[in-house]
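What's in upload-v3.txt: compact mmCIF, C-alpha atoms
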```txt
# COMPACT_ATOMS: atom_id res chain seq x y z
CA MET A 1 28.25 -20.86 -28.33
CA ILE A 2 30.20 -18.77 -25.88
CA GLY A 3 32.87 -21.44 -25.45
CA ARG A 4 33.22 -21.89 -29.23
CA SER A 5 33.41 -18.14 -29.82
CA GLY A 6 36.12 -17.80 -27.17
CA THR A 7 38.06 -20.67 -28.73
CA ASP A 8 37.77 -19.18 -32.21
CA THR A 9 38.95 -15.80 -30.95
CA GLU A 10 41.91 -17.39 -29.19
CA ALA A 11 42.88 -19.35 -32.30
CA SER A 12 42.62 -16.33 -34.59
CA ALA A 13 44.64 -14.16 -32.23
CA ARG A 14 47.35 -16.75 -31.65
CA PRO A 15 49.58 -15.89 -34.67
CA THR A 16 49.50 -12.21 -33.74
CA VAL A 17 50.35 -13.02 -30.14
CA ILE A 18 53.21 -15.28 -31.20
CA ILE A 19 54.62 -12.61 -33.52
CA GLY A 20 54.40 -10.05 -30.73
CA VAL A 21 56.12 -12.37 -28.28
CA VAL A 22 58.90 -13.19 -30.76
CA VAL A 23 59.56 -9.52 -31.50
CA ALA A 24 59.44 -8.60 -27.81
CA LEU A 25 61.87 -11.39 -26.88
CA ALA A 26 64.28 -10.40 -29.66
CA ALA A 27 64.16 -6.79 -28.49
CA ALA A 28 64.71 -7.90 -24.90
CA ILE A 29 67.79 -9.91 -25.87
CA CYS A 30 69.21 -6.93 -27.79
CA LEU A 31 68.60 -4.65 -24.81
CA MET A 32 70.19 -7.23 -22.54
CA LEU A 33 73.27 -7.31 -24.77
CA LEU A 34 73.53 -3.51 -24.68
CA ALA A 35 72.95 -3.34 -20.94
CA PHE A 36 75.67 -5.85 -20.12
CA SER A 37 78.23 -4.96 -22.80
CA ALA A 38 78.02 -1.19 -23.34
CA PRO A 39 78.97 -0.08 -19.78
CA PRO A 40 82.09 -2.31 -19.53
CA MET A 41 83.22 -1.39 -23.04
CA ASN A 42 83.03 2.31 -22.19
CA SER A 43 84.34 2.04 -18.64
CA GLY A 44 87.29 3.99 -17.32
CA PRO A 45 88.15 6.82 -14.94
CA HIS A 46 85.55 9.59 -14.96
CA ASP A 47 86.12 12.47 -12.52
CA LEU A 48 87.46 10.13 -9.88
CA PRO A 49 87.99 11.90 -6.54
CA LEU A 50 91.73 11.88 -5.87
CA ALA A 51 93.36 13.29 -2.72
CA VAL A 52 96.76 14.94 -3.19
CA SER A 53 99.21 16.59 -0.81
CA GLY A 54 102.60 18.21 -1.22
CA PRO A 55 104.33 21.47 -2.14
CA ALA A 56 102.20 23.68 -4.37
CA PRO A 57 104.55 23.61 -7.42
CA ALA A 58 104.83 19.81 -7.29
CA VAL A 59 101.08 19.38 -6.91
CA SER A 60 100.48 21.71 -9.85
CA ARG A 61 102.85 19.70 -12.05
CA LEU A 62 101.12 16.50 -10.98
CA GLN A 63 97.70 17.91 -11.86
CA ASP A 64 98.95 18.96 -15.28
CA ALA A 65 100.41 15.51 -15.88
CA LEU A 66 97.14 13.83 -14.83
CA ASP A 67 95.09 16.11 -17.08
CA GLU A 68 97.39 15.33 -19.99
CA LYS A 69 97.38 11.56 -19.53
CA ARG A 70 93.77 11.18 -18.30
CA PRO A 71 91.62 14.12 -19.43
CA HIS A 72 88.60 14.43 -17.11
CA GLY A 73 89.80 11.31 -15.34
CA PHE A 74 90.32 12.84 -11.91
CA GLU A 75 88.82 15.45 -9.67
CA VAL A 76 91.77 16.45 -7.50
CA ALA A 77 91.33 17.67 -3.92
CA VAL A 78 94.48 19.19 -2.43
CA HIS A 79 95.24 18.52 1.23
CA ALA A 80 97.85 19.99 3.52
CA HIS A 81 99.30 16.73 4.84
CA GLY A 82 99.57 13.07 3.97
CA ASP A 83 97.46 12.12 6.99
CA GLU A 84 94.58 14.09 5.51
CA VAL A 85 94.95 12.12 2.28
CA THR A 86 94.62 8.90 4.26
CA ASP A 87 91.57 10.24 6.09
CA ALA A 88 89.91 11.17 2.78
CA ILE A 89 90.43 7.62 1.51
CA GLU A 90 89.15 5.99 4.69
CA ASN A 91 86.08 8.26 4.68
CA ARG A 92 85.42 7.35 1.02
CA ASP A 93 85.86 10.94 -0.06
CA ALA A 94 88.61 9.77 -2.44
CA VAL A 95 89.37 6.53 -4.25
CA GLY A 96 93.07 7.00 -3.61
CA GLY A 97 95.73 9.60 -3.05
CA ILE A 98 99.24 10.80 -3.87
CA SER A 99 101.53 12.49 -1.35
CA ILE A 100 104.62 14.30 -2.57
CA THR A 101 107.43 14.84 -0.06
CA ARG A 102 111.16 15.54 -0.11
CA GLU A 103 111.79 11.81 0.20
CA GLY A 104 109.70 10.98 -2.84
CA VAL A 105 106.12 10.11 -3.75
CA GLU A 106 103.76 7.90 -1.78
CA VAL A 107 100.83 6.49 -3.73
CA ARG A 108 97.99 5.58 -1.41
CA THR A 109 95.37 3.17 -2.72
CA ALA A 110 92.23 1.49 -1.40
CA SER A 111 91.77 -1.76 -3.27
CA ALA A 112 88.60 -2.34 -1.22
CA ALA A 113 87.03 0.63 -2.99
CA GLY A 114 87.54 -1.07 -6.34
CA VAL A 115 90.48 -2.92 -7.85
CA PRO A 116 90.53 -0.78 -11.05
CA TYR A 117 91.25 2.34 -9.00
CA ALA A 118 94.24 0.74 -7.30
CA THR A 119 95.54 -0.56 -10.62
CA LEU A 120 95.20 2.88 -12.20
CA LEU A 121 97.09 4.56 -9.36
CA HIS A 122 99.85 1.98 -9.60
CA ASP A 123 100.16 2.83 -13.29
CA ILE A 124 100.45 6.52 -12.40
CA GLY A 125 103.09 5.67 -9.80
CA ASN A 126 105.04 3.65 -12.33
CA GLY A 127 105.00 6.65 -14.66
CA LEU A 128 106.37 8.87 -11.89
CA ALA A 129 109.04 6.29 -11.12
CA ALA A 130 110.05 6.28 -14.78
CA GLU A 131 110.79 9.99 -14.39
CA GLY A 132 113.32 9.22 -11.68
CA LEU A 133 111.16 9.76 -8.59
CA GLU A 134 111.24 7.43 -5.61
CA VAL A 135 107.73 5.95 -5.42
CA THR A 136 106.25 3.84 -2.62
CA TYR A 137 102.80 2.28 -2.43
CA THR A 138 100.46 1.90 0.54
CA ASP A 139 97.13 0.09 0.39
CA VAL A 140 95.20 2.05 3.01
CA VAL A 141 92.06 -0.12 2.86
CA PRO A 142 93.00 -3.47 1.34
CA LEU A 143 90.86 -6.39 0.31
CA THR A 144 91.23 -9.65 2.20
CA ASP A 145 94.04 -12.09 1.49
CA ASP A 146 91.46 -14.74 0.58
CA ASP A 147 89.81 -12.50 -2.04
CA PRO A 148 92.40 -10.07 -3.42
CA THR A 149 90.31 -9.31 -6.52
CA GLY A 150 87.04 -8.48 -4.75
CA ALA A 151 85.18 -11.27 -6.53
CA GLY A 152 83.03 -12.01 -3.48
CA ILE A 153 81.28 -8.65 -3.39
CA ALA A 154 81.05 -8.54 -7.19
CA ALA A 155 79.23 -11.88 -7.13
CA LEU A 156 76.40 -10.40 -5.03
CA ALA A 157 74.80 -8.57 -7.96
CA LEU A 158 72.79 -11.49 -9.33
CA PRO A 159 71.77 -12.91 -5.93
CA LEU A 160 70.41 -9.49 -5.02
CA ALA A 161 68.50 -9.13 -8.29
CA ILE A 162 67.26 -12.70 -8.57
CA GLY A 163 66.61 -13.13 -4.86
CA GLY A 164 64.52 -9.99 -4.63
CA THR A 165 62.55 -10.76 -7.78
CA ILE A 166 61.98 -14.47 -7.19
CA SER A 167 60.89 -13.90 -3.60
CA ALA A 168 58.25 -11.45 -4.80
CA VAL A 169 56.98 -13.89 -7.43
CA LEU A 170 56.76 -16.78 -4.98
CA LEU A 171 55.11 -14.70 -2.26
CA THR A 172 52.55 -13.44 -4.78
CA THR A 173 51.83 -16.99 -5.90
CA LEU A 174 51.47 -18.33 -2.37
CA SER A 175 49.40 -15.44 -1.03
CA ARG A 176 47.45 -13.66 -3.73
CA ARG A 177 45.11 -11.67 -1.49
CA ARG A 178 46.89 -11.16 1.84
CA ARG A 179 49.24 -8.25 1.16
CA GLY A 180 50.33 -8.02 4.78
CA LEU A 181 51.53 -11.60 4.68
CA ARG A 182 53.50 -10.88 1.51
CA VAL A 183 55.24 -7.94 3.17
CA ALA A 184 56.06 -9.99 6.25
CA GLY A 185 57.41 -12.81 4.09
CA SER A 186 59.52 -10.38 2.06
CA VAL A 187 61.05 -8.80 5.15
CA ALA A 188 61.75 -12.18 6.74
CA PHE A 189 63.32 -13.56 3.57
CA SER A 190 65.47 -10.44 3.10
CA ALA A 191 66.73 -10.52 6.69
CA LEU A 192 67.49 -14.25 6.65
CA THR A 193 69.22 -14.08 3.27
CA GLY A 194 71.29 -11.10 4.38
CA LEU A 195 72.50 -12.95 7.45
CA ALA A 196 73.20 -16.18 5.56
CA THR A 197 75.02 -14.69 2.55
CA THR A 198 77.14 -12.42 4.72
CA ALA A 199 78.12 -15.38 6.91
CA ILE A 200 79.23 -17.27 3.79
CA LEU A 201 81.24 -14.33 2.46
CA GLN A 202 82.86 -13.46 5.77
CA TYR A 203 83.32 -16.70 7.69
CA TRP A 204 83.51 -19.29 4.93
CA LEU A 205 85.02 -17.57 1.89
CA GLY A 206 86.90 -14.86 3.78
CA ALA A 207 85.94 -12.27 1.15
CA ILE A 208 85.10 -9.53 3.68
CA ASP A 209 86.31 -8.71 7.16
CA GLY A 210 84.22 -5.78 8.35
CA THR A 211 81.21 -5.50 10.62
CA TYR A 212 79.09 -8.60 10.11
CA TRP A 213 75.80 -7.03 11.15
CA GLY A 214 76.32 -3.92 9.06
CA THR A 215 77.16 -5.94 5.97
CA ALA A 216 74.22 -8.27 6.54
CA ALA A 217 71.96 -5.24 6.88
CA GLY A 218 73.20 -3.93 3.54
CA VAL A 219 72.43 -7.22 1.80
CA GLY A 220 69.05 -7.51 3.49
CA LEU A 221 68.03 -3.94 2.66
CA GLY A 222 69.05 -4.46 -0.97
CA ILE A 223 66.91 -7.58 -1.31
CA ALA A 224 64.00 -5.97 0.55
CA ALA A 225 64.11 -2.91 -1.72
CA ILE A 226 63.84 -5.13 -4.80
CA SER A 227 61.34 -7.60 -3.38
CA LEU A 228 58.94 -4.99 -1.98
CA THR A 229 59.12 -2.91 -5.15
CA VAL A 230 58.24 -5.91 -7.32
CA LEU A 231 55.47 -6.86 -4.89
CA GLY A 232 54.06 -3.35 -5.11
CA LEU A 233 54.22 -3.31 -8.90
CA GLU A 234 52.49 -6.69 -9.08
CA SER A 235 49.76 -5.62 -6.67
CA LEU A 236 49.07 -2.51 -8.75
CA LEU A 237 49.62 -3.77 -12.30
CA GLY A 238 49.29 -7.53 -12.07
CA TYR A 239 51.70 -9.76 -13.99
CA ALA A 240 52.87 -6.78 -16.03
CA GLY A 241 54.22 -5.32 -12.80
CA ILE A 242 56.36 -8.40 -12.23
CA ALA A 243 57.76 -8.11 -15.76
CA ILE A 244 58.55 -4.40 -15.29
CA GLY A 245 60.19 -5.02 -11.95
CA ALA A 246 62.22 -8.00 -13.14
CA LEU A 247 63.46 -6.22 -16.27
CA THR A 248 64.41 -3.14 -14.27
CA MET A 249 66.31 -5.02 -11.60
CA VAL A 250 68.00 -7.70 -13.70
CA PHE A 251 68.69 -5.85 -16.96
CA VAL A 252 69.14 -2.26 -15.77
CA ALA A 253 70.04 -2.13 -12.09
CA ASN A 254 72.36 -5.16 -12.30
CA PRO A 255 74.78 -4.01 -15.04
CA LEU A 256 74.75 -0.44 -13.73
CA SER A 257 75.44 -1.48 -10.13
CA ALA A 258 79.23 -1.35 -10.59
CA LEU A 259 79.65 -3.81 -7.74
CA ALA A 260 82.95 -5.00 -9.17
CA THR A 261 84.44 -1.60 -9.97
CA GLY A 262 82.67 1.21 -8.19
CA PRO A 263 80.39 3.75 -9.91
CA GLY A 264 83.19 6.10 -10.91
CA TRP A 265 84.46 3.54 -13.40
CA LEU A 266 81.26 3.54 -15.45
CA PRO A 267 80.56 6.16 -18.13
CA GLN A 268 78.41 8.98 -16.85
CA PRO A 269 75.61 9.46 -16.16
CA TRP A 270 75.21 5.68 -15.96
CA GLY A 271 77.38 5.35 -12.89
CA ASP A 272 75.27 7.88 -11.00
CA ILE A 273 72.03 6.31 -12.27
CA GLY A 274 73.19 2.92 -11.04
CA GLN A 275 73.63 4.36 -7.54
CA LEU A 276 69.98 5.44 -7.57
CA LEU A 277 68.87 1.84 -8.16
CA PRO A 278 68.68 -0.82 -5.44
CA ILE A 279 71.62 -3.04 -6.43
CA GLY A 280 74.08 -0.19 -6.85
CA ALA A 281 73.00 1.41 -3.59
CA ALA A 282 73.17 -1.94 -1.79
CA GLY A 283 76.66 -2.50 -3.19
CA THR A 284 77.83 0.82 -1.76
CA VAL A 285 76.37 0.02 1.66
CA ILE A 286 77.89 -3.47 1.63
CA ARG A 287 81.35 -2.28 0.57
CA SER A 288 81.27 0.54 3.13
CA ALA A 289 80.25 -1.79 5.96
CA ALA A 290 82.64 -4.54 4.93
CA PHE A 291 85.77 -2.40 4.64
CA PHE A 292 85.22 1.26 5.59
CA GLU A 293 83.35 1.00 8.92
CA GLY A 294 80.21 2.33 7.25
CA ALA A 295 81.77 5.51 5.84
CA GLY A 296 80.18 6.88 2.69
CA SER A 297 76.96 4.87 2.94
CA GLN A 298 74.50 7.59 3.97
CA HIS A 299 73.22 8.44 0.50
CA ALA A 300 72.95 4.77 -0.47
CA LEU A 301 70.91 4.02 2.66
CA LEU A 302 68.50 6.80 1.73
CA VAL A 303 68.14 5.33 -1.76
CA LEU A 304 67.35 1.87 -0.40
CA GLY A 305 64.87 3.37 2.05
CA ALA A 306 63.18 5.24 -0.78
CA TRP A 307 62.74 2.05 -2.81
CA ILE A 308 61.31 0.22 0.20
CA VAL A 309 58.86 3.05 0.82
CA LEU A 310 57.94 3.06 -2.88
CA GLY A 311 57.08 -0.63 -2.73
CA LEU A 312 54.92 -0.14 0.35
CA VAL A 313 53.18 2.88 -1.22
CA LEU A 314 52.39 0.84 -4.33
CA LEU A 315 50.96 -1.92 -2.15
CA VAL A 316 48.73 0.57 -0.34
CA ALA A 317 47.70 2.21 -3.62
CA SER A 318 46.67 -1.17 -5.00
CA LEU A 319 44.05 -1.44 -2.23
CA ARG A 320 42.10 1.37 -3.88
CA ARG A 321 42.22 0.12 -7.44
CA PRO A 322 39.12 -1.52 -8.98
CA THR A 323 38.96 -5.19 -8.14
CA THR A 324 38.06 -6.10 -11.72
CA THR A 325 41.63 -6.53 -12.85
CA LEU A 326 42.52 -8.57 -15.86
CA ARG A 327 43.46 -11.48 -13.64
CA ALA A 328 40.17 -11.27 -11.75
CA GLN A 329 38.23 -11.07 -15.00
CA VAL A 330 39.98 -14.15 -16.36
CA GLY A 331 39.31 -16.02 -13.14
CA GLY A 332 35.63 -14.98 -13.24
CA GLU A 333 35.20 -16.10 -16.81
CA GLN A 334 36.79 -19.43 -16.04
CA GLY A 335 34.52 -19.82 -13.02
```
Let me see the file written as structure tokens.
Amino acid sequence: MIGRSGTDTEASARPTVIIGVVVALAAAICLMLLAFSAPPMNSGPHDLPLAVSGPAPAVSRLQDALDEKRPHGFEVAVHAHGDEVTDAIENRDAVGGISITREGVEVRTASAAGVPYATLLHDIGNGLAAEGLEVTYTDVVPLTDDDPTGAGIAALALPLAIGGTISAVLLTTLSRRRRGLRVAGSVAFSALTGLATTAILQYWLGAIDGTYWGTAAGVGLGIAAISLTVLGLESLLGYAGIAIGALTMVFVANPLSALATGPGWLPQPWGDIGQLLPIGAAGTVIRSAAFFEGAGSQHALLVLGAWIVLGLVLLVASLRRPTTTLRAQVGGEQG
């Protein structure tokens, strides 16, 4: 009787479940389309930090010209000398700089900070040259010769998202009850993957040329932040936690990470939101370690640490939840 009643209930509920799944999948695809298409379509310069030096009248004219051509595109910081402009770029306080001297204009770029910034500054320099000024260009922090477009770092977005999520799913499947073992497995996987992927990027593909251990740490921390968060969500919410974590990391954190362009190229506040999520923060740490000797990575490291702590807190909180979860109930009924 009980078995027949359960079968009848399952059969009667099946059309409703199928309808719900179909609607949910259609909504998910629409959200995926928006997440991956809306940010690029609305991308461009948004209050980009730009370092400028030169005589006050010339700097003022330059600011007026920038405001006219790119309203709200730049946030100009005026420096006394060209060396200070270079320092601001190397410290990641500016995406580029312009120095005005008696000899002409020097446009300083950092293609390693994001190719779109360098391209934009070259366009500005070409405009100044069209006005009769002598313009020279210096790439203060360049990308490598083997990867002049920065494709290597940009390609890390999906490995970070998928690697962190899949590792959590597999560890949950292999060790349902031993949370400590899951954490150990997540940390080990994150560290090994960080070392391996960085070795491929640096020594095989030649896409980066910075500190190997710092870059590997950035990759590993990014994967650990995702993996531990998904593990914590699963421990607390069951399979729904995996779905929430996967959707957040793959469909939200991934397109907002700005790994290919830098956060300043995304429409706000999405660029800033992306830097509060694991992939965007990991991208900042990786780019800083790979090209800027770690400069500008402090905030991103705090973000990654916060996500790792969140995952561990969720795992601890799950120890106090009632053991009669939906999964346990299903297993008991089947037994």
Practice item. Could you tell me which of A:Ile162, A:Ala154, A:Ile286, A:Val23 comes closest to Phe251 (chain A) if we count all atoms listed in the file? Key: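 Comparing A:Ile162, A:Ala154, A:Ile286, A:Val23 against Phe251 (chain A), the winner is A:Ile162.
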Practice item. Name the residues in contact with Thr215 (chain A) at a cut-off of 10 Å, using only C-alpha atoms, excluding same-chain residues fewer than 4 positions from it; report them as a PyMOL selection string. Key: chain A and resi 194-195+197-199+201-202+208-211+219-221+282-283+285-291+293-294
Point to revise | Using all atoms listed in the file: which of A:Ile200, A:Val107, A:Leu192, A:Val85 has the shortest distance to Tyr137 (chain A) | key: A:Val107
Practice item. Go through A:Ile89, A:Ala207, A:Leu231, A:Ala24 one by one, measure the shortest atom-to-atom distance of each to Arg182 (chain A) using all atoms listed in the file, and give the residue with the smallest value. Key: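 Going through A:Ile89, A:Ala207, A:Leu231, A:Ala24 one by one, the smallest distance to Arg182 (chain A) is for A:Leu231.
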**Study point:** 10 Å contact set for region 163-170 of chain A, all atoms listed in the file, chain neighbours under 5 positions out, as a ChimeraX atom specification
**Key:** /A:157-158,175-176,182-183,185-186,189-190,193,220,222-234,239,242-243,245-247,249-250
Practice item. Choose the residue, out of A:Val95, A:Ile18, A:Leu302, A:Leu205, that has the smallest atom-to-atom separation from Ile153 (chain A); count all atoms listed in the file. Key: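 Of the candidates, the smallest distance to Ile153 (chain A) is held by A:Leu205.
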Check your understanding: Distance CA of Leu304 (chain A)-CA of Pro278 (chain A), one decimal place?
Key -> 5.9 Å
Review point. Nearest to His72 (chain A): which of A:Ala58, A:Arg14, A:Ile29, A:Gly44 is it, counting only C-alpha atoms?
Key: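 Under the stated criterion, the closest residue is A:Gly44.
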Practice item. Rank A:Ala260, A:Ala28, A:Ala51, A:Ile273 by their smallest atom-to-atom distance to Gly114 (chain A), using all atoms listed in the file, and report the top residue only. Key: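 Nearest candidate to Gly114 (chain A) out of A:Ala260, A:Ala28, A:Ala51, A:Ile273: A:Ala260.
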Practice item. Would you kindly identify which residues have an atom no farther than 8 Å from (74.9, -3.1, -6.5), using only C-alpha atoms and the file's own coordinates, and write them out as a PyMOL selection string? Key: chain A and resi 156-157+160+253-254+256-259+274-275+277-284
Check your understanding: Leaving out Pro116 (chain A) and any residue of its chain fewer than 2 positions from it, which residues lie within 10 Å of it when counting only C-alpha atoms, given as a VMD selection string?
Key -> chain A and resid 44 to 45 111 113 to 114 118 to 122 149 260 to 262 265
Practice item. Take CA of Gly152 (chain A) and CA of Ala35 (chain A) and report the distance between them in Å, one decimal. Key: 21.9 Å
**Study point:** Distance in Å - CA of Leu266 (chain A) versus CA of His46 (chain A)
**Key:**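 Separation between CA of Leu266 (chain A) and CA of His46 (chain A): 7.4 Å.
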Exercise for review: Just the residues within 12 Å of Ser99 (chain A), please, counting only C-alpha atoms, with nothing from its chain fewer than 4 positions along; format it as a PyMOL selection string.
Suggested key: chain A and resi 50-56+58-59+62+77-86+103-109+125+134-138
Quick one: region 280-290 of chain A with all heavy atoms, as a CSV table (one decimal), in the coordinates of the input?
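out_14.csv, freshly written:
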```
chain,number,residue,atom,x,y,z
A,280,GLY,N,72.9,-1.1,-7.0
A,280,GLY,CA,74.1,-0.2,-6.8
A,280,GLY,C,74.2,0.4,-5.5
A,280,GLY,O,75.2,0.5,-4.9
A,281,ALA,N,73.0,0.8,-4.9
A,281,ALA,CA,73.0,1.4,-3.6
A,281,ALA,C,73.4,0.4,-2.6
A,281,ALA,O,74.1,0.6,-1.6
A,281,ALA,CB,71.6,2.0,-3.3
A,282,ALA,N,72.8,-0.9,-2.7
A,282,ALA,CA,73.2,-1.9,-1.8
A,282,ALA,C,74.7,-2.3,-1.9
A,282,ALA,O,75.3,-2.5,-0.8
A,282,ALA,CB,72.4,-3.2,-2.1
A,283,GLY,N,75.2,-2.2,-3.1
A,283,GLY,CA,76.7,-2.5,-3.2
A,283,GLY,C,77.5,-1.5,-2.4
A,283,GLY,O,78.5,-1.8,-1.8
A,284,THR,N,77.1,-0.2,-2.5
A,284,THR,CA,77.8,0.8,-1.8
A,284,THR,C,77.7,0.6,-0.3
A,284,THR,O,78.7,0.7,0.5
A,284,THR,CB,77.3,2.2,-2.1
A,284,THR,OG1,77.5,2.5,-3.5
A,284,THR,CG2,77.9,3.3,-1.3
A,285,VAL,N,76.5,0.3,0.2
A,285,VAL,CA,76.4,0.0,1.7
A,285,VAL,C,77.2,-1.2,2.1
A,285,VAL,O,77.9,-1.2,3.1
A,285,VAL,CB,74.9,-0.2,2.0
A,285,VAL,CG1,74.7,-0.6,3.5
A,285,VAL,CG2,74.1,1.1,1.7
A,286,ILE,N,77.1,-2.2,1.3
A,286,ILE,CA,77.9,-3.5,1.6
A,286,ILE,C,79.4,-3.2,1.7
A,286,ILE,O,80.1,-3.6,2.6
A,286,ILE,CB,77.5,-4.6,0.6
A,286,ILE,CG1,76.1,-5.0,0.8
A,286,ILE,CG2,78.5,-5.8,0.8
A,286,ILE,CD1,75.5,-5.8,-0.4
A,287,ARG,N,79.9,-2.5,0.6
A,287,ARG,CA,81.4,-2.3,0.6
A,287,ARG,C,81.8,-1.4,1.7
A,287,ARG,O,82.8,-1.6,2.3
A,287,ARG,CB,81.7,-1.7,-0.8
A,287,ARG,CG,83.2,-1.7,-1.1
A,287,ARG,CD,83.5,-1.0,-2.4
A,287,ARG,NE,83.0,-1.8,-3.5
A,287,ARG,CZ,83.7,-2.8,-4.1
A,287,ARG,NH1,84.9,-3.0,-3.7
A,287,ARG,NH2,83.2,-3.4,-5.1
A,288,SER,N,80.9,-0.4,2.0
A,288,SER,CA,81.3,0.5,3.1
A,288,SER,C,81.3,-0.2,4.5
A,288,SER,O,82.2,0.0,5.3
A,288,SER,CB,80.2,1.7,3.2
A,288,SER,OG,80.3,2.5,2.0
A,289,ALA,N,80.3,-1.1,4.7
A,289,ALA,CA,80.2,-1.8,6.0
A,289,ALA,C,81.4,-2.8,6.1
A,289,ALA,O,81.9,-3.1,7.1
A,289,ALA,CB,78.9,-2.5,6.1
A,290,ALA,N,81.7,-3.4,4.9
A,290,ALA,CA,82.6,-4.5,4.9
A,290,ALA,C,84.1,-4.1,5.1
A,290,ALA,O,84.9,-4.8,5.6
A,290,ALA,CB,82.5,-5.3,3.6
```
